[in-house]
Amino acid sequence: MRRNTYRILQATETAIYLFAGFLIALGAVLLLGSTLWDGVRALLQRGYVAAAVGLLDRILLALMLAEILYTLVRFAREGGLQAEPFLLIGIIAAVRRMLVITAESVHKVDLKDPAFLNVWLSFSS
């Protein structure tokens, strides 16, 4: 009785992880499709800088989803979770955020702004 209950719970856990994996894969495919569509539209309407920032953000998000999917597939195959994929997801998330913030801030800097000129002068002296 106890052994059967354990097997049922283990099979249920694996099924939940696999179902979540299918949903993540579907979400990643939809994300990449909408990224392509929005990227072309942004390129035509707003220029290459806005398109590049949007593409960078969404592609790195898709990579995070792919890494989560890889983790779920590994769990289904090996039966246990490991820390390395989650660390990689965290690194991708941090790099994604830094790159997007940097790209957005470079695009929004006004070189004639007095605050920017004051900072520039303080570094050059």
# chains A, B, ... in the order shown; residues from 1 in each chain; ligands from 1

call {"tool": "residues_around", "arguments": {"residues": "region 49-60 of chain A", "least_positions_apart": "3", "cutoff": "12 Å", "atoms": "only C-alpha atoms", "output": "PyMOL selection string"}}
result
chain A and resi 27-46+63-67+89-108

call {"tool": "atom_distance", "arguments": {"atom1": "CA of Leu87 (chain A)", "atom2": "CA of Tyr70 (chain A)"}}
result
12.9 Å

call {"tool": "atom_distance", "arguments": {"atom1": "CA of Gln10 (chain A)", "atom2": "CA of Thr71 (chain A)"}}
result
17.2 Å

call {"tool": "residues_around", "arguments": {"residues": "region 76-84 of chain A", "least_positions_apart": "2", "cutoff": "9 Å", "atoms": "only C-alpha atoms", "output": "list of chain:residue names"}}
result
A:Thr14, A:Ala15, A:Tyr17, A:Leu18, A:Thr71, A:Leu72, A:Val73, A:Arg74, A:Phe86, A:Leu87, A:Leu88, A:Ile89
